[in-house]
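Structure below is final-v8.cif: mmCIF, C-alpha atoms.
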data_protein
loop_
_atom_site.group_PDB
_atom_site.id
_atom_site.type_symbol
_atom_site.label_atom_id
_atom_site.label_comp_id
_atom_site.auth_asym_id
_atom_site.auth_seq_id
_atom_site.Cartn_x
_atom_site.Cartn_y
_atom_site.Cartn_z
ATOM 1 C CA MET A 326 0.000 0.000 0.000
ATOM 2 C CA SER A 327 1.098 3.561 -0.658
ATOM 3 C CA GLU A 328 3.139 5.047 2.176
ATOM 4 C CA THR A 329 2.856 8.572 0.808
ATOM 5 C CA LYS A 330 -0.920 8.614 0.680
ATOM 6 C CA ASN A 331 -1.537 5.865 3.248
ATOM 7 C CA GLN A 332 -4.332 4.351 1.180
ATOM 8 C CA PRO A 333 -4.709 1.442 -1.229
ATOM 9 C CA PRO A 334 -3.662 2.015 -4.843
ATOM 10 C CA VAL A 335 -6.059 2.275 -7.754
ATOM 11 C CA ILE A 336 -5.584 -0.314 -10.507
ATOM 12 C CA CYS A 337 -6.601 0.696 -14.031
ATOM 13 C CA LEU A 338 -6.985 -2.198 -16.463
ATOM 14 C CA MET A 339 -7.365 -0.776 -19.963
ATOM 15 C CA GLY A 340 -7.385 -2.305 -23.418
ATOM 16 C CA PRO A 341 -9.345 -2.592 -26.644
ATOM 17 C CA THR A 342 -12.667 -4.376 -26.862
ATOM 18 C CA ALA A 343 -12.484 -8.200 -26.784
ATOM 19 C CA SER A 344 -8.937 -8.226 -25.346
ATOM 20 C CA GLY A 345 -9.871 -10.166 -22.194
ATOM 21 C CA LYS A 346 -10.100 -7.353 -19.632
ATOM 22 C CA THR A 347 -13.129 -8.786 -17.832
ATOM 23 C CA ALA A 348 -11.603 -12.247 -17.426
ATOM 24 C CA LEU A 349 -8.394 -10.771 -16.009
ATOM 25 C CA ALA A 350 -10.384 -8.506 -13.683
ATOM 26 C CA MET A 351 -12.264 -11.498 -12.285
ATOM 27 C CA ALA A 352 -8.989 -13.343 -11.727
ATOM 28 C CA LEU A 353 -7.595 -10.290 -9.924
ATOM 29 C CA HIS A 354 -10.722 -10.186 -7.765
ATOM 30 C CA ASP A 355 -9.954 -13.772 -6.727
ATOM 31 C CA ASN A 356 -6.360 -12.909 -5.829
ATOM 32 C CA LEU A 357 -6.480 -9.381 -4.403
ATOM 33 C CA PRO A 358 -8.729 -7.526 -1.933
ATOM 34 C CA CYS A 359 -10.249 -5.467 -4.739
ATOM 35 C CA ASP A 360 -13.651 -4.244 -5.912
ATOM 36 C CA ILE A 361 -14.395 -3.772 -9.609
ATOM 37 C CA ILE A 362 -15.539 -0.460 -11.123
ATOM 38 C CA SER A 363 -16.679 -0.578 -14.741
ATOM 39 C CA VAL A 364 -15.153 2.018 -17.084
ATOM 40 C CA ASP A 365 -17.473 1.485 -20.030
ATOM 41 C CA SER A 366 -19.892 3.957 -21.591
ATOM 42 C CA ALA A 367 -22.141 1.144 -22.869
ATOM 43 C CA LEU A 368 -22.352 -1.003 -19.722
ATOM 44 C CA VAL A 369 -24.014 1.846 -17.822
ATOM 45 C CA TYR A 370 -27.275 1.127 -19.687
ATOM 46 C CA ARG A 371 -29.920 -1.262 -18.418
ATOM 47 C CA ASP A 372 -31.484 -3.775 -20.849
ATOM 48 C CA MET A 373 -28.413 -3.607 -23.084
ATOM 49 C CA ASP A 374 -26.670 -6.820 -22.112
ATOM 50 C CA ILE A 375 -25.847 -8.992 -25.120
ATOM 51 C CA GLY A 376 -24.533 -6.316 -27.485
ATOM 52 C CA THR A 377 -22.352 -4.739 -24.795
ATOM 53 C CA ALA A 378 -20.803 -8.092 -23.775
ATOM 54 C CA LYS A 379 -21.941 -7.315 -20.253
ATOM 55 C CA PRO A 380 -20.907 -9.904 -17.650
ATOM 56 C CA THR A 381 -23.666 -12.441 -17.024
ATOM 57 C CA GLN A 382 -25.832 -12.207 -13.939
ATOM 58 C CA ASP A 383 -23.994 -15.178 -12.429
ATOM 59 C CA GLU A 384 -20.685 -13.400 -13.028
ATOM 60 C CA LEU A 385 -21.999 -10.158 -11.549
ATOM 61 C CA ASP A 386 -23.251 -12.036 -8.486
ATOM 62 C CA LYS A 387 -19.781 -13.475 -7.926
ATOM 63 C CA TYR A 388 -17.837 -10.428 -9.166
ATOM 64 C CA PRO A 389 -19.929 -7.299 -8.520
ATOM 65 C CA HIS A 390 -19.208 -4.419 -10.911
ATOM 66 C CA ARG A 391 -19.944 -0.871 -9.834
ATOM 67 C CA LEU A 392 -21.293 1.614 -12.412
ATOM 68 C CA ILE A 393 -23.104 -1.049 -14.447
ATOM 69 C CA ASN A 394 -26.864 -0.770 -15.127
ATOM 70 C CA ILE A 395 -27.130 2.739 -13.696
ATOM 71 C CA ARG A 396 -28.868 4.502 -16.607
ATOM 72 C CA ASP A 397 -31.912 3.962 -18.806
ATOM 73 C CA ALA A 398 -31.204 3.820 -22.538
ATOM 74 C CA ALA A 399 -33.029 7.136 -23.017
ATOM 75 C CA GLN A 400 -30.613 8.922 -20.686
ATOM 76 C CA THR A 401 -27.131 10.316 -21.253
ATOM 77 C CA TYR A 402 -24.020 9.626 -19.212
ATOM 78 C CA SER A 403 -21.038 11.902 -19.681
ATOM 79 C CA ALA A 404 -17.366 11.721 -18.766
ATOM 80 C CA ALA A 405 -18.152 14.258 -16.042
ATOM 81 C CA ASP A 406 -20.880 11.972 -14.681
ATOM 82 C CA PHE A 407 -18.436 9.080 -14.678
ATOM 83 C CA CYS A 408 -15.702 11.078 -12.991
ATOM 84 C CA HIS A 409 -18.065 12.167 -10.208
ATOM 85 C CA ASP A 410 -19.405 8.644 -9.676
ATOM 86 C CA ALA A 411 -16.047 6.901 -9.938
ATOM 87 C CA LEU A 412 -14.363 9.199 -7.407
ATOM 88 C CA GLN A 413 -17.175 8.440 -4.989
ATOM 89 C CA GLU A 414 -16.882 4.681 -5.566
ATOM 90 C CA ILE A 415 -13.088 4.817 -5.189
ATOM 91 C CA ALA A 416 -13.414 6.655 -1.872
ATOM 92 C CA GLU A 417 -15.926 4.096 -0.584
ATOM 93 C CA ILE A 418 -13.741 1.149 -1.595
ATOM 94 C CA ARG A 419 -10.600 2.679 -0.112
ATOM 95 C CA ALA A 420 -12.452 3.452 3.113
ATOM 96 C CA LYS A 421 -12.835 -0.320 3.510
ATOM 97 C CA ASN A 422 -9.065 -0.684 2.918
ATOM 98 C CA ARG A 423 -9.746 -2.459 -0.366
ATOM 99 C CA ILE A 424 -8.290 -1.789 -3.818
ATOM 100 C CA PRO A 425 -10.414 -0.088 -6.498
ATOM 101 C CA LEU A 426 -9.995 -2.025 -9.755
ATOM 102 C CA LEU A 427 -11.143 0.020 -12.754
ATOM 103 C CA VAL A 428 -11.811 -2.092 -15.829
ATOM 104 C CA GLY A 429 -12.999 -1.064 -19.288
ATOM 105 C CA GLY A 430 -12.178 0.504 -22.604
ATOM 106 C CA THR A 431 -13.746 3.975 -22.541
ATOM 107 C CA MET A 432 -10.513 5.911 -22.684
ATOM 108 C CA MET A 433 -12.060 9.356 -22.203
ATOM 109 C CA TYR A 434 -13.388 8.188 -18.836
ATOM 110 C CA TYR A 435 -9.896 7.181 -17.731
ATOM 111 C CA LYS A 436 -8.415 10.445 -18.957
ATOM 112 C CA SER A 437 -11.043 12.462 -17.078
ATOM 113 C CA LEU A 438 -10.462 10.528 -13.884
ATOM 114 C CA ILE A 439 -6.652 10.634 -13.999
ATOM 115 C CA ASP A 440 -6.145 14.149 -15.396
ATOM 116 C CA GLY A 441 -9.226 15.816 -13.937
ATOM 117 C CA ILE A 442 -12.502 16.676 -15.637
ATOM 118 C CA SER A 443 -13.335 20.147 -16.895
ATOM 119 C CA PRO A 444 -16.175 22.064 -15.154
ATOM 120 C CA LEU A 445 -18.713 21.508 -17.920
ATOM 121 C CA PRO A 446 -22.440 22.057 -17.314
ATOM 122 C CA GLU A 447 -24.907 19.185 -17.180
ATOM 123 C CA ALA A 448 -27.033 18.477 -20.226
ATOM 124 C CA ASN A 449 -30.043 20.752 -20.597
ATOM 125 C CA ALA A 450 -33.021 19.217 -22.425
ATOM 126 C CA GLU A 451 -34.565 22.576 -23.344
ATOM 127 C CA VAL A 452 -31.377 23.973 -24.879
ATOM 128 C CA ARG A 453 -30.791 20.722 -26.756
ATOM 129 C CA LYS A 454 -34.287 20.847 -28.234
ATOM 130 C CA GLU A 455 -33.629 24.388 -29.446
ATOM 131 C CA ILE A 456 -30.387 23.309 -31.141
ATOM 132 C CA GLU A 457 -32.049 20.245 -32.667
ATOM 133 C CA ALA A 458 -34.884 22.441 -33.950
ATOM 134 C CA VAL A 459 -32.366 24.638 -35.756
ATOM 135 C CA ALA A 460 -30.726 21.542 -37.211
ATOM 136 C CA SER A 461 -34.078 20.168 -38.306
ATOM 137 C CA GLU A 462 -34.867 23.384 -40.146
ATOM 138 C CA LYS A 463 -31.463 24.306 -41.591
ATOM 139 C CA GLY A 464 -29.320 21.190 -41.276
ATOM 140 C CA TRP A 465 -26.398 20.165 -39.082
ATOM 141 C CA SER A 466 -23.972 21.899 -41.423
ATOM 142 C CA TYR A 467 -25.615 25.186 -40.387
ATOM 143 C CA VAL A 468 -25.147 24.288 -36.700
ATOM 144 C CA HIS A 469 -21.512 23.520 -37.517
ATOM 145 C CA GLU A 470 -21.150 27.003 -39.045
ATOM 146 C CA MET A 471 -22.679 28.511 -35.888
ATOM 147 C CA LEU A 472 -20.136 26.643 -33.781
ATOM 148 C CA ALA A 473 -17.253 27.735 -36.013
ATOM 149 C CA LYS A 474 -18.109 31.386 -35.345
ATOM 150 C CA VAL A 475 -17.880 31.049 -31.554
ATOM 151 C CA ASP A 476 -15.495 28.101 -31.109
ATOM 152 C CA PRO A 477 -13.403 27.476 -34.239
ATOM 153 C CA VAL A 478 -11.132 25.017 -32.411
ATOM 154 C CA SER A 479 -14.012 22.700 -31.542
ATOM 155 C CA ALA A 480 -15.540 23.173 -34.994
ATOM 156 C CA GLN A 481 -12.313 21.991 -36.602
ATOM 157 C CA ARG A 482 -12.298 18.898 -34.383
ATOM 158 C CA ILE A 483 -15.999 18.002 -34.686
ATOM 159 C CA HIS A 484 -17.392 16.777 -38.003
ATOM 160 C CA GLN A 485 -20.507 18.474 -39.320
ATOM 161 C CA ASN A 486 -22.260 15.076 -39.433
ATOM 162 C CA ASP A 487 -21.740 14.437 -35.714
ATOM 163 C CA PRO A 488 -24.977 15.747 -34.137
ATOM 164 C CA GLN A 489 -24.148 14.481 -30.645
ATOM 165 C CA ARG A 490 -20.892 16.411 -30.282
ATOM 166 C CA LEU A 491 -22.143 19.448 -32.191
ATOM 167 C CA THR A 492 -25.125 19.677 -29.866
ATOM 168 C CA ARG A 493 -22.911 19.373 -26.808
ATOM 169 C CA ALA A 494 -20.490 22.073 -27.972
ATOM 170 C CA MET A 495 -23.281 24.542 -28.739
ATOM 171 C CA GLU A 496 -25.111 23.609 -25.541
ATOM 172 C CA VAL A 497 -22.025 24.387 -23.426
ATOM 173 C CA TYR A 498 -21.648 27.784 -25.076
ATOM 174 C CA ARG A 499 -25.309 28.705 -24.644
ATOM 175 C CA LEU A 500 -25.403 27.607 -21.006
ATOM 176 C CA THR A 501 -22.143 29.186 -19.837
ATOM 177 C CA GLY A 502 -21.152 31.864 -22.326
ATOM 178 C CA ASN A 503 -17.790 30.096 -22.517
ATOM 179 C CA THR A 504 -16.687 27.776 -25.286
ATOM 180 C CA LEU A 505 -16.019 24.076 -24.938
ATOM 181 C CA THR A 506 -12.388 24.803 -25.800
ATOM 182 C CA GLN A 507 -12.084 27.319 -22.950
ATOM 183 C CA LEU A 508 -13.713 25.115 -20.339
ATOM 184 C CA THR A 509 -11.803 21.942 -21.211
ATOM 185 C CA GLN A 510 -8.561 23.758 -20.371
ATOM 186 C CA ILE A 511 -9.709 23.966 -16.741
ATOM 187 C CA LYS A 512 -9.153 20.793 -14.757
ATOM 188 C CA GLY A 513 -11.206 19.685 -11.773
ATOM 189 C CA ALA A 514 -10.931 16.872 -9.237
ATOM 190 C CA SER A 515 -8.930 13.772 -10.165
ATOM 191 C CA VAL A 516 -8.017 10.510 -8.479
ATOM 192 C CA GLU A 517 -5.284 10.778 -5.844
ATOM 193 C CA GLY A 518 -2.657 8.393 -4.573
ATOM 194 C CA ASP A 519 -0.968 5.516 -6.384
ATOM 195 C CA VAL A 520 -2.547 4.727 -9.754
ATOM 196 C CA LEU A 521 -1.260 1.567 -11.439
ATOM 197 C CA GLN A 522 -2.090 1.577 -15.139
ATOM 198 C CA PHE A 523 -2.079 -1.599 -17.221
ATOM 199 C CA ALA A 524 -3.031 -2.099 -20.864
ATOM 200 C CA ILE A 525 -3.844 -5.561 -22.182
ATOM 201 C CA THR A 526 -3.296 -5.600 -25.948
ATOM 202 C CA PRO A 527 -2.598 -8.080 -28.761
ATOM 203 C CA LYS A 528 0.795 -8.688 -30.327
ATOM 204 C CA GLU A 529 -0.925 -9.191 -33.658
ATOM 205 C CA ARG A 530 -3.952 -7.105 -34.684
ATOM 206 C CA SER A 531 -5.306 -10.127 -36.587
ATOM 207 C CA THR A 532 -5.704 -12.034 -33.321
ATOM 208 C CA LEU A 533 -7.920 -9.311 -31.922
ATOM 209 C CA HIS A 534 -9.883 -9.096 -35.180
ATOM 210 C CA GLY A 535 -10.584 -12.816 -34.954
ATOM 211 C CA ARG A 536 -11.859 -12.460 -31.406
ATOM 212 C CA ILE A 537 -14.078 -9.541 -32.391
ATOM 213 C CA GLU A 538 -15.683 -11.485 -35.249
ATOM 214 C CA LEU A 539 -16.215 -14.556 -33.074
ATOM 215 C CA ARG A 540 -17.778 -12.523 -30.276
ATOM 216 C CA PHE A 541 -20.109 -10.605 -32.576
ATOM 217 C CA ASN A 542 -21.387 -13.840 -34.104
ATOM 218 C CA GLN A 543 -21.892 -15.256 -30.617
ATOM 219 C CA MET A 544 -23.958 -12.180 -29.732
ATOM 220 C CA ILE A 545 -26.189 -12.882 -32.733
ATOM 221 C CA GLU A 546 -26.656 -16.472 -31.551
ATOM 222 C CA GLN A 547 -27.461 -15.293 -28.016
ATOM 223 C CA GLY A 548 -30.397 -13.160 -29.201
ATOM 224 C CA PHE A 549 -28.910 -9.735 -29.892
ATOM 225 C CA GLU A 550 -31.612 -9.047 -32.505
ATOM 226 C CA HIS A 551 -34.371 -9.678 -29.969
ATOM 227 C CA GLU A 552 -32.641 -7.364 -27.485
ATOM 228 C CA VAL A 553 -32.529 -4.474 -29.954
ATOM 229 C CA LYS A 554 -36.100 -5.163 -31.135
ATOM 230 C CA ALA A 555 -37.288 -4.591 -27.580
ATOM 231 C CA LEU A 556 -35.434 -1.263 -27.478
ATOM 232 C CA LYS A 557 -36.756 -0.246 -30.898
ATOM 233 C CA GLU A 558 -40.354 -0.835 -29.777
ATOM 234 C CA ARG A 559 -39.989 1.973 -27.247
ATOM 235 C CA ASP A 560 -41.211 5.348 -28.455
ATOM 236 C CA ASP A 561 -38.572 7.309 -26.505
ATOM 237 C CA LEU A 562 -35.488 5.841 -28.204
ATOM 238 C CA HIS A 563 -33.958 6.852 -31.521
ATOM 239 C CA GLU A 564 -30.751 6.355 -33.483
ATOM 240 C CA ASP A 565 -29.055 9.581 -32.355
ATOM 241 C CA LEU A 566 -29.078 8.698 -28.641
ATOM 242 C CA PRO A 567 -25.686 7.736 -27.160
ATOM 243 C CA SER A 568 -27.061 4.328 -26.154
ATOM 244 C CA ILE A 569 -28.242 3.420 -29.649
ATOM 245 C CA ARG A 570 -25.045 4.824 -31.175
ATOM 246 C CA CYS A 571 -23.076 2.155 -29.283
ATOM 247 C CA VAL A 572 -21.128 -0.173 -31.560
ATOM 248 C CA GLY A 573 -23.333 -3.018 -32.755
ATOM 249 C CA TYR A 574 -26.588 -1.444 -31.622
ATOM 250 C CA ARG A 575 -26.574 1.161 -34.358
ATOM 251 C CA GLN A 576 -25.976 -1.462 -37.047
ATOM 252 C CA MET A 577 -28.678 -3.777 -35.678
ATOM 253 C CA TRP A 578 -31.066 -0.827 -35.391
ATOM 254 C CA GLN A 579 -30.460 0.027 -39.059
ATOM 255 C CA TYR A 580 -31.078 -3.603 -40.067
ATOM 256 C CA LEU A 581 -34.360 -3.692 -38.150
ATOM 257 C CA HIS A 582 -35.277 -0.423 -39.863
ATOM 258 C CA GLY A 583 -34.812 -2.121 -43.239
ATOM 259 C CA GLU A 584 -31.695 -0.202 -44.235
ATOM 260 C CA CYS A 585 -29.524 -3.269 -44.858
ATOM 261 C CA SER A 586 -29.609 -7.061 -45.017
ATOM 262 C CA HIS A 587 -28.765 -9.318 -42.091
ATOM 263 C CA ASP A 588 -25.399 -10.254 -43.596
ATOM 264 C CA GLU A 589 -24.602 -6.587 -44.217
ATOM 265 C CA MET A 590 -25.525 -5.758 -40.618
ATOM 266 C CA VAL A 591 -23.158 -8.417 -39.323
ATOM 267 C CA PHE A 592 -20.383 -7.144 -41.598
ATOM 268 C CA ARG A 593 -20.967 -3.523 -40.546
ATOM 269 C CA GLY A 594 -21.116 -4.481 -36.876
ATOM 270 C CA ILE A 595 -17.814 -6.356 -37.011
ATOM 271 C CA CYS A 596 -16.171 -3.515 -38.963
ATOM 272 C CA ALA A 597 -17.447 -0.908 -36.483
ATOM 273 C CA THR A 598 -16.133 -2.961 -33.567
ATOM 274 C CA ARG A 599 -12.734 -3.270 -35.222
ATOM 275 C CA GLN A 600 -12.687 0.495 -35.783
ATOM 276 C CA LEU A 601 -13.492 1.005 -32.090
ATOM 277 C CA ALA A 602 -10.580 -1.265 -31.151
ATOM 278 C CA LYS A 603 -8.302 0.705 -33.485
ATOM 279 C CA ARG A 604 -9.305 3.981 -31.781
ATOM 280 C CA GLN A 605 -8.704 2.462 -28.354
ATOM 281 C CA LEU A 606 -5.254 1.246 -29.377
ATOM 282 C CA THR A 607 -4.439 4.690 -30.788
ATOM 283 C CA TRP A 608 -5.297 6.231 -27.409
ATOM 284 C CA LEU A 609 -3.149 3.706 -25.584
ATOM 285 C CA ARG A 610 -0.077 4.196 -27.771
ATOM 286 C CA SER A 611 0.181 7.799 -26.574
ATOM 287 C CA TRP A 612 -0.782 7.016 -22.950
ATOM 288 C CA PRO A 613 1.881 7.752 -20.308
ATOM 289 C CA ASN A 614 2.876 5.496 -17.417
ATOM 290 C CA LEU A 615 1.470 2.282 -18.877
ATOM 291 C CA THR A 616 2.532 -1.266 -18.100
ATOM 292 C CA TRP A 617 1.845 -3.352 -21.204
ATOM 293 C CA LEU A 618 0.343 -6.822 -21.001
ATOM 294 C CA ASP A 619 0.096 -9.284 -23.895
ATOM 295 C CA MET A 620 -3.480 -10.572 -24.022
ATOM 296 C CA GLU A 621 -2.191 -14.099 -24.763
ATOM 297 C CA ASP A 622 0.349 -14.112 -21.926
ATOM 298 C CA GLU A 623 -0.618 -16.459 -19.092
ATOM 299 C CA THR A 624 1.504 -14.490 -16.597
ATOM 300 C CA ASN A 625 -0.601 -11.289 -16.725
ATOM 301 C CA LEU A 626 -2.292 -12.059 -13.427
ATOM 302 C CA GLN A 627 1.038 -12.617 -11.681
ATOM 303 C CA GLN A 628 2.468 -9.406 -13.166
ATOM 304 C CA VAL A 629 -0.345 -7.261 -11.796
ATOM 305 C CA VAL A 630 -0.401 -8.965 -8.401
ATOM 306 C CA SER A 631 3.370 -8.631 -8.120
ATOM 307 C CA THR A 632 3.249 -4.912 -8.975
ATOM 308 C CA VAL A 633 0.639 -4.300 -6.282
ATOM 309 C CA SER A 634 2.560 -6.379 -3.712
ATOM 310 C CA ASN A 635 5.777 -4.429 -4.349
ATOM 311 C CA LEU A 636 4.297 -1.035 -3.519
#

Can you present the structure in this file as structure tokens?
Amino acid sequence: MSETKNQPPVICLMGPTASGKTALAMALHDNLPCDIISVDSALVYRDMDIGTAKPTQDELDKYPHRLINIRDAAQTYSAADFCHDALQEIAEIRAKNRIPLLVGGTMMYYKSLIDGISPLPEANAEVRKEIEAVASEKGWSYVHEMLAKVDPVSAQRIHQNDPQRLTRAMEVYRLTGNTLTQLTQIKGASVEGDVLQFAITPKERSTLHGRIELRFNQMIEQGFEHEVKALKERDDLHEDLPSIRCVGYRQMWQYLHGECSHDEMVFRGICATRQLAKRQLTWLRSWPNLTWLDMEDETNLQQVVSTVSNL
């Protein structure tokens, strides 16, 4: 345990989708006095189990995960929300003299927690409706032009066909009078004490691609289509919501809407998942203070346990 902070360390187990993070986390739970905190923007949603590769109920009973099933699919959950919740969970776990074990692949959540989140306002439904009304009348390219006038840095970074991020950037400006660029330069609370950061990644990208394809096909066999049908029958969900934009869900939603064939949906879903993994690996390559783990190495558990024991 950390002598400088006199509290248990925080373990961060990162990696691309389908790299085996959950299995390693469960093994760590069996070998260390740790409690698992999910770092996944899709696992926060209830009734989205198969397509998110959420641990089974039996697994969750044996290995409880905090910050899973905490939002309805119609709701949003931001990096700021995660940072607030995770800091609270970490404090509670450390108060019991146990180790917080953060596991997942949403890299922005990790960055917010480790570096500190900017003081951004919460989402405002009324302001969002106003922005969406403008977009409905004049198009998202017009909203992008509006953003470029007040926050050219964000406008350069955000594509004009990205309604979610365009809405957020304009919403922040309308609510605060400050731009997203200005506010993200201000850092808030972050995790304190020893933070051990591990990344489990493949030696060969093809190995990960094979796992991704296998897992997506298994999801289809497990009833992923039925899961998304149930979501689509709700009148409060649509394709632009963060939940439905999750990898796999968007492609299945489009198939159920008649926009593509079943085979095309499977192909698109696998491709989208591979693209997600590529983005995650890009984040990790520039991440400081990482200990790299090979996802096919049988000594990963011992490496993490040894690192914790040597503190």

Result set of the PyMOL selection byres ((chain A and resi 618) around 9) on the coordinates above, as a list in words: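 So the PyMOL selection byres ((chain A and resi 618) around 9) ends up selecting Phe523, Ala524, Ile525, Thr526, Pro527, Thr616, Trp617, Asp619, Met620, Glu621, Asp622, Thr624, Asn625 and Gln628 of chain A.
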
Do you have the atom CA of Gln510 of chain A-atom CA of Arg396 of chain A distance handy?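 That distance, rounded to one decimal, is 28.2 Å.
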
Written as a JSON list (two decimals) with C-alpha atoms, in the frame of the given file, what is the full residue list that the PyMOL selection byres ((chain A and resi 336) around 8) yields on the file shown?
[["chain", "number", "residue", "atom", "x", "y", "z"],
["A", 334, "PRO", "CA", -3.66, 2.02, -4.84],
["A", 335, "VAL", "CA", -6.06, 2.28, -7.75],
["A", 337, "CYS", "CA", -6.60, 0.70, -14.03],
["A", 338, "LEU", "CA", -6.98, -2.20, -16.46],
["A", 424, "ILE", "CA", -8.29, -1.79, -3.82],
["A", 425, "PRO", "CA", -10.41, -0.09, -6.50],
["A", 426, "LEU", "CA", -9.99, -2.02, -9.76],
["A", 427, "LEU", "CA", -11.14, 0.02, -12.75],
["A", 520, "VAL", "CA", -2.55, 4.73, -9.75],
["A", 521, "LEU", "CA", -1.26, 1.57, -11.44],
["A", 522, "GLN", "CA", -2.09, 1.58, -15.14],
["A", 523, "PHE", "CA", -2.08, -1.60, -17.22]]

Counting all atoms listed in the file, I want the residues whose atoms come within 12 Å of (-11.6, 1.6, -6.3) in the file frame, returned as number ranges by chain. A: 332-338, 354, 358-364, 390-392, 410-428, 438, 516-521

Can you tell me which residues surround segment 339-343 of chain A at a distance of at most 10 Å, considering only C-alpha atoms, apart from same-chain residues fewer than 4 positions away, and format the answer as a VMD selection string? chain A and resid 347 364 377 to 378 427 to 432 435 522 to 527 533 to 541 598 to 599 601 to 609 615 617 to 618 620

Can you turn the PyMOL selection byres ((chain A and resi 497) around 10) into a concrete residue list for this file, as a PyMOL selection string? chain A and resi 445-449+452+492-496+498-506+508

Find the residues near segment 582-591 of chain A: any atom within 8 Å, counting all atoms listed in the file, skip ones fewer than 5 places away on the same chain, and give them as a CSV table (one decimal) with C-alpha atoms, keeping the file's coordinate frame.
chain,number,residue,atom,x,y,z
A,541,PHE,CA,-20.1,-10.6,-32.6
A,542,ASN,CA,-21.4,-13.8,-34.1
A,576,GLN,CA,-26.0,-1.5,-37.0
A,577,MET,CA,-28.7,-3.8,-35.7

Could you give me segment 583-588 of chain A completed to all heavy atoms, formatted as an mmCIF file, keeping the file's coordinate frame?
data_model
loop_
_atom_site.group_PDB
_atom_site.id
_atom_site.type_symbol
_atom_site.label_atom_id
_atom_site.label_comp_id
_atom_site.auth_asym_id
_atom_site.auth_seq_id
_atom_site.Cartn_x
_atom_site.Cartn_y
_atom_site.Cartn_z
ATOM 1 N N GLY A 583 -34.759 -1.767 -41.826
ATOM 2 C CA GLY A 583 -34.812 -2.121 -43.239
ATOM 3 C C GLY A 583 -33.759 -1.462 -44.103
ATOM 4 O O GLY A 583 -33.870 -1.452 -45.337
ATOM 5 N N GLU A 584 -32.705 -0.926 -43.474
ATOM 6 C CA GLU A 584 -31.695 -0.202 -44.235
ATOM 7 C C GLU A 584 -30.610 -1.109 -44.810
ATOM 8 O O GLU A 584 -29.830 -0.680 -45.670
ATOM 9 C CB GLU A 584 -31.046 0.873 -43.353
ATOM 10 C CG GLU A 584 -32.014 1.952 -42.895
ATOM 11 C CD GLU A 584 -31.348 2.971 -41.984
ATOM 12 O OE1 GLU A 584 -30.134 3.178 -42.142
ATOM 13 O OE2 GLU A 584 -32.044 3.542 -41.131
ATOM 14 N N CYS A 585 -30.534 -2.346 -44.343
ATOM 15 C CA CYS A 585 -29.524 -3.269 -44.858
ATOM 16 C C CYS A 585 -29.967 -4.698 -44.586
ATOM 17 O O CYS A 585 -30.882 -4.942 -43.789
ATOM 18 C CB CYS A 585 -28.154 -3.002 -44.224
ATOM 19 S SG CYS A 585 -28.098 -3.255 -42.437
ATOM 20 N N SER A 586 -29.301 -5.648 -45.231
ATOM 21 C CA SER A 586 -29.609 -7.061 -45.017
ATOM 22 C C SER A 586 -28.978 -7.551 -43.718
ATOM 23 O O SER A 586 -28.143 -6.859 -43.112
ATOM 24 C CB SER A 586 -29.076 -7.893 -46.184
ATOM 25 O OG SER A 586 -27.644 -7.874 -46.171
ATOM 26 N N HIS A 587 -29.338 -8.741 -43.309
ATOM 27 C CA HIS A 587 -28.765 -9.318 -42.091
ATOM 28 C C HIS A 587 -27.253 -9.507 -42.231
ATOM 29 O O HIS A 587 -26.481 -9.169 -41.321
ATOM 30 C CB HIS A 587 -29.430 -10.657 -41.778
ATOM 31 C CG HIS A 587 -29.073 -11.215 -40.432
ATOM 32 N ND1 HIS A 587 -27.939 -11.980 -40.235
ATOM 33 C CD2 HIS A 587 -29.678 -11.108 -39.217
ATOM 34 C CE1 HIS A 587 -27.870 -12.326 -38.958
ATOM 35 N NE2 HIS A 587 -28.911 -11.813 -38.315
ATOM 36 N N ASP A 588 -26.838 -10.049 -43.378
ATOM 37 C CA ASP A 588 -25.399 -10.254 -43.596
ATOM 38 C C ASP A 588 -24.645 -8.932 -43.590
ATOM 39 O O ASP A 588 -23.527 -8.841 -43.049
ATOM 40 C CB ASP A 588 -25.167 -10.978 -44.920
ATOM 41 C CG ASP A 588 -25.551 -12.447 -44.859
ATOM 42 O OD1 ASP A 588 -25.763 -12.954 -43.744
ATOM 43 O OD2 ASP A 588 -25.643 -13.079 -45.928
#
